[in-house]
There are 2 protein chains.
Amino acid sequence: MLEKTNSQADIAELMADIGRRATAAARPLAIAGPDQKNAALEAMAIAIDAERQTILDANQIDVEAALASGMAASFVDRLKLDDARIDGIIAGMQAIAALADPVGDVIAAWDRPNGLKIERVRTPLGVIGVIYESRPNVTADAGALCLKSGNAVILRGGSDSFHSSRAIHACLVKGLEQAGLPGDAIQMIPVSDRAAVGELLTGLGGAVDVIVPRGGKSLVARVQSDARVPVFAHLEGLCHIYVDASADAAMARAIVVNAKMRRTGICGSAETLLIDRSLDLDTAKSLLTDLLGAGCEIRGDEDVCALVPEAKPAAEEDWRTEYLDAIISARFVDGIDGAITHIATYSSNHTEAVIAEDSRVVERFFNEVDSAILLHNASTQFADGGEFGMGAEIGIATGKMHARGPVGVEQLTSFKYRVRGTGQTRP
Amino acid sequence: MLEKTNSQADIAELMADIGRRATAAARPLAIAGPDQKNAALEAMAIAIDAERQTILDANQIDVEAALASGMAASFVDRLKLDDARIDGIIAGMQAIAALADPVGDVIAAWDRPNGLKIERVRTPLGVIGVIYESRPNVTADAGALCLKSGNAVILRGGSDSFHSSRAIHACLVKGLEQAGLPGDAIQMIPVSDRAAVGELLTGLGGAVDVIVPRGGKSLVARVQSDARVPVFAHLEGLCHIYVDASADAAMARAIVVNAKMRRTGICGSAETLLIDRSLDLDTAKSLLTDLLGAGCEIRGDEDVCALVPEAKPAAEEDWRTEYLDAIISARFVDGIDGAITHIATYSSNHTEAVIAEDSRVVERFFNEVDSAILLHNASTQFADGGEFGMGAEIGIATGKMHARGPVGVEQLTSFKYRVRGTGQTRP
């Protein structure tokens with residue numbers, strides 16, 4: 001690993017070279033068949049298994065450095081690898097190998113009156129830049145997803161997990177080369193200088209087609225503001241759950257607790273509960289007491305606080321907060337109109353759920369709420385590529401362009417048109 | 001029209017207000033049904049017909065100003081409206097009304113083992129910014145396409161066509177209001193200050209979802225470098241046509257002349273002819289002499305110049321030039337490999353054609369050339385949304401993200417997931 005003292009010029013030249021090598025690798029990768037890509041994935045899994053101890057030793061260096069610099073326990077936990085987590089990485093590789101290959105899929109096909117036969121087919125995007133933080137397993141997941149979708153990738157992991165990621169990366173390159181694919185198809189930026197990220201965000205002279213940031217709000221915000229190429233950004237999962245007066249009470253109670261409390265730290269966890277003012281009061285109260293009983297703090301409007309004295313009064317800021325914790329904001333709204341208005345005002349457009357038996361309410365929610373994922377009578381915690389049947393995901397996109405919602409191998413592709421003629425000229 | 005002396009602060013406030021009004025208009029527009037949107041389009045067509053003289057008078061002001069400032073005849077021609085062109089605008093409106101409504105289309109649907117039913121459905125993008133040059137008819141086309149796809153739009157036409165565009169825009173607003181839709185759904189920036197474009201490119205505080213530049217290279221390049229939101233850019237149509245040794249000679253001759261000479265000024269016209277070195281020499285010569293006979297200048301490599309003395313020697317720059325004129329660069333290549341390599345080196349990835357009877361050559365061309373549109377045995381001049389059966393297009397995108405190739409109403413949409421459950425919670 002080079003020192004932090006690299007000059008800006010060194011970094012620029014290093015990154016330009018990485019970009020050139022990625023571009024060169026992208027072409028053979030784009031035309032590689034499913035068998036060759038899957039052979040590489042299998043070889044990567046075998047290499048990771050074989051190099052298990054090397055990876056654990058490298059991870060030990062990162063963990064000790066994190067402990068020495070007094071990182072939080074939660075941070076160290078995300079960083080730490082053990083045999084179970086390495087088994088998870090290997091299983092992930094095999095699961096991605098088992099996915100259908102999206103490249104070459106015919107998305108649409110039609111004929112023209114003049115006899116031209118038009119097909120829209122999936123193609124790789126080209127070169128993807130992935131910027132992530134301390135989880136070393138992202139090195140393997142991102143590398144494998146980009147390979148499966150026929151893209152070259154430039155990985156930039158957090159400096160805290162540098163040794164772990166480098167050891168994993170070595171196994172990925174071994175797998176590529178054993179399958180006869182260019183090792184440059186999965187490159188890892190070998191320096192920790194922040195300037196390297198700045199260069200990557202410029203697109204390296206047209207080499208980078210899209211940037212995928214995986215990490216906290218500040219990382220994603222910086223990438224969004226500085227990137228000169230398209231970004232698949234996942235900004236926030238400020239998810240709402242609306243319980244309509246027509247809801248099945250028992251179903252609503254089960255879903256609300258699950259949506260908030262199953263796992264509070266994931267982007268699909270509910271952060272705000274919207275209760276129809278016309279909902280039976282006992283049911284409304286039980287929704288709140290169930291949450292309290294499950295160990296959830298409630299920050300409510302006046303009516304919520306009047307109904308359950310344990311609730312704390314919500315401030316305006318609470319409606320804008322993704323807690324990622326055992327806390328929920330809760331308020332009464334005037335039916336579906338009130339719910340739609342609140343969500344339009346405060347949502348991050350990630351995932352929202354409606355609990356209702358009245359189909360007109362459901363259709364209005366589905367038509368008028370503009371979020372990536374809308375659920376009826378189901379938990380917001382299903383907002384996940386695996387749960388959608390897409391296999392592994394590289395993230396969940398909250399933008400509207402190209403990829404929205406879970407970003408799996410299909411979302412990592414572009415498309416082109418193939419037109420077959422028999423000598424047609426245009427009149 | 002305000003004066004050019006607007007302060008930066010005036011412009012910023014004006015544009016922020018336009019952004020707020022566009023956002024407010026986008027929501028009712030997104031949920032408007034096909035009938036209401038089509039009623040607006042019909043009312044717009046009627047208003048344009050009724051205000052025909054007002055539009056022609058306004059256009060006269062723009063034309064006289066252009067003549068007075070000594071603009072080129074071709075520029076004045078693009079600017080000038082007459083009854084035939086207004087009839088074309090009206091016909092375009094009616095054609096867009098007749099298109100299928102993309103909003104709400106179910107693109108994909110599948111069920112999960114746990115009983116969740118997942119649908120991916122088309123939704124509007126939200127607010128689209130369209131920046132164009134002197135053709136006043138773009139005001140009507142862009143407004144109608146954005147309305148049909150459920151998007152609010154902010155139009156920024158060239159100052160040279162300001163009066164013409166404003167007269168047309170007034171008819172669009174009348175049509176919206178007659179159909180009960182917000183007039184702010186189609187706004188036109190009322191000042192000519194360049195600073196207004198700068199504000200638009202920042203996204204107006206998140207109000208703008210995508211920018212569509214329609215115009216020359218310098219306009220598009222500026223938009224691409226300054227925009228802080230996604231851009232559907234159409235940079236260049238440097239289209240290639242490769243004639244393989246297996247080509248049908250008569251078909252190749254007809255297609256090559258059509259691809260270059262039918263209209264030389266459109267993005268789908270061929271700019272470079274690649275001839276297989278193994279092609280029968282008489283056929284090769286006839287391809288070139290046909291072009292000369294049709295009034296096309298040829299800039300060729302040594303072998304081309306040796307074959308037809310009328311050809312001028314090509315410089316390196318010629319392989320990178322989109323002539324948009326009766327000029328073509330031509331060279332011999334070593335079969336499909338040489339063609340793929342040349343295209344990978346010089347193409348703008350817009351449209352390429354292969355003329356061949358050998359299906360292995362065609363499949364390699366289709367698989368290995370990464371351009372938006374690939375044609376087999378057909379003219380590159382079919383690179384057009386109308387010819388693709390998409391109806392009107394707002395442009396042809398040369399990027400790889402979201403929209404690629406012709407950008408019609410479908411490409412002006414995003415999507416969301418609708419998930420229908422029966423009480424599912426995540427284990």
# chains A, B, ... in the order shown; residues from 1 in each chain; ligands from 1

$ closest_atom_pairs --of "chain B" --to "chain A" --cutoff "7 Å" --atoms "only C-alpha atoms" --output "JSON lines"
{"residue": "B:Ile31", "atom": "CA", "partner": "A:Glu368", "partner_atom": "CA", "distance": 6.5}
{"residue": "B:Leu125", "atom": "CA", "partner": "A:Lys400", "partner_atom": "CA", "distance": 6.5}
{"residue": "B:Pro230", "atom": "CA", "partner": "A:Pro230", "partner_atom": "CA", "distance": 6.8}
{"residue": "B:Met251", "atom": "CA", "partner": "A:Gly423", "partner_atom": "CA", "distance": 5.6}
{"residue": "B:Ile255", "atom": "CA", "partner": "A:Thr425", "partner_atom": "CA", "distance": 5.7}
{"residue": "B:Asn258", "atom": "CA", "partner": "A:Thr425", "partner_atom": "CA", "distance": 6.1}
{"residue": "B:Phe366", "atom": "CA", "partner": "A:Arg418", "partner_atom": "CA", "distance": 6.7}
{"residue": "B:Asn367", "atom": "CA", "partner": "A:Ile31", "partner_atom": "CA", "distance": 6.8}
{"residue": "B:Glu368", "atom": "CA", "partner": "A:Ile31", "partner_atom": "CA", "distance": 6.5}
{"residue": "B:Ser371", "atom": "CA", "partner": "A:Lys416", "partner_atom": "CA", "distance": 6.7}
{"residue": "B:Ala372", "atom": "CA", "partner": "A:Lys416", "partner_atom": "CA", "distance": 4.7}
{"residue": "B:Ile373", "atom": "CA", "partner": "A:Tyr417", "partner_atom": "CA", "distance": 4.7}
{"residue": "B:Leu374", "atom": "CA", "partner": "A:Arg418", "partner_atom": "CA", "distance": 5.0}
{"residue": "B:Leu375", "atom": "CA", "partner": "A:Val419", "partner_atom": "CA", "distance": 4.6}
{"residue": "B:His376", "atom": "CA", "partner": "A:Arg420", "partner_atom": "CA", "distance": 4.9}
{"residue": "B:Asn377", "atom": "CA", "partner": "A:Gly423", "partner_atom": "CA", "distance": 4.9}
{"residue": "B:Ala378", "atom": "CA", "partner": "A:Gln424", "partner_atom": "CA", "distance": 4.7}
{"residue": "B:Ser379", "atom": "CA", "partner": "A:Thr425", "partner_atom": "CA", "distance": 5.1}
{"residue": "B:Gln381", "atom": "CA", "partner": "A:Arg426", "partner_atom": "CA", "distance": 6.3}
{"residue": "B:Phe382", "atom": "CA", "partner": "A:Arg426", "partner_atom": "CA", "distance": 6.4}
{"residue": "B:Lys400", "atom": "CA", "partner": "A:Ser414", "partner_atom": "CA", "distance": 5.8}
{"residue": "B:Met401", "atom": "CA", "partner": "A:His402", "partner_atom": "CA", "distance": 5.8}
{"residue": "B:His402", "atom": "CA", "partner": "A:His402", "partner_atom": "CA", "distance": 3.9}
{"residue": "B:Ser414", "atom": "CA", "partner": "A:Lys400", "partner_atom": "CA", "distance": 5.7}
{"residue": "B:Lys416", "atom": "CA", "partner": "A:Ala372", "partner_atom": "CA", "distance": 4.7}
{"residue": "B:Tyr417", "atom": "CA", "partner": "A:Ile373", "partner_atom": "CA", "distance": 4.7}
{"residue": "B:Arg418", "atom": "CA", "partner": "A:Leu374", "partner_atom": "CA", "distance": 5.0}
{"residue": "B:Val419", "atom": "CA", "partner": "A:Leu375", "partner_atom": "CA", "distance": 4.6}
{"residue": "B:Arg420", "atom": "CA", "partner": "A:His376", "partner_atom": "CA", "distance": 4.9}
{"residue": "B:Gly421", "atom": "CA", "partner": "A:Asn377", "partner_atom": "CA", "distance": 5.0}
{"residue": "B:Thr422", "atom": "CA", "partner": "A:Asn377", "partner_atom": "CA", "distance": 5.5}
{"residue": "B:Gly423", "atom": "CA", "partner": "A:Asn377", "partner_atom": "CA", "distance": 4.9}
{"residue": "B:Gln424", "atom": "CA", "partner": "A:Ala378", "partner_atom": "CA", "distance": 4.8}
{"residue": "B:Thr425", "atom": "CA", "partner": "A:Ser379", "partner_atom": "CA", "distance": 5.1}
{"residue": "B:Arg426", "atom": "CA", "partner": "A:Gln381", "partner_atom": "CA", "distance": 6.3}

$ select_by_dssp --residues "segment 52-129 of chain A" --states "strand (DSSP E or B)" --output "list of chain:residue names"
A:Val106, A:Ile107, A:Ala108, A:Ala109, A:Trp110, A:Asp111, A:Lys117, A:Ile118, A:Glu119, A:Arg120, A:Val121, A:Arg122, A:Thr123, A:Pro124, A:Val127, A:Ile128, A:Gly129

$ closest_residue --among "A:Ile11, A:Cys239, A:Ile394, A:Ala179" --to "Ser192 of chain A" --atoms "only C-alpha atoms"
A:Ile11

$ select_by_dssp --residues "segment 152-279 of chain A" --states "alpha helix (DSSP H)" --output "ChimeraX atom specification"
/A:162-178,194-201,217-226,249-261

$ atom_distance --atom1 "atom CA of Ser278 of chain B" --atom2 "atom CA of Gly335 of chain B"
7.1 Å

$ closest_residue --among "A:Leu273, A:Ser329, A:Asp193, A:Leu219" --to "Asp10 of chain A" --atoms "only C-alpha atoms"
A:Asp193
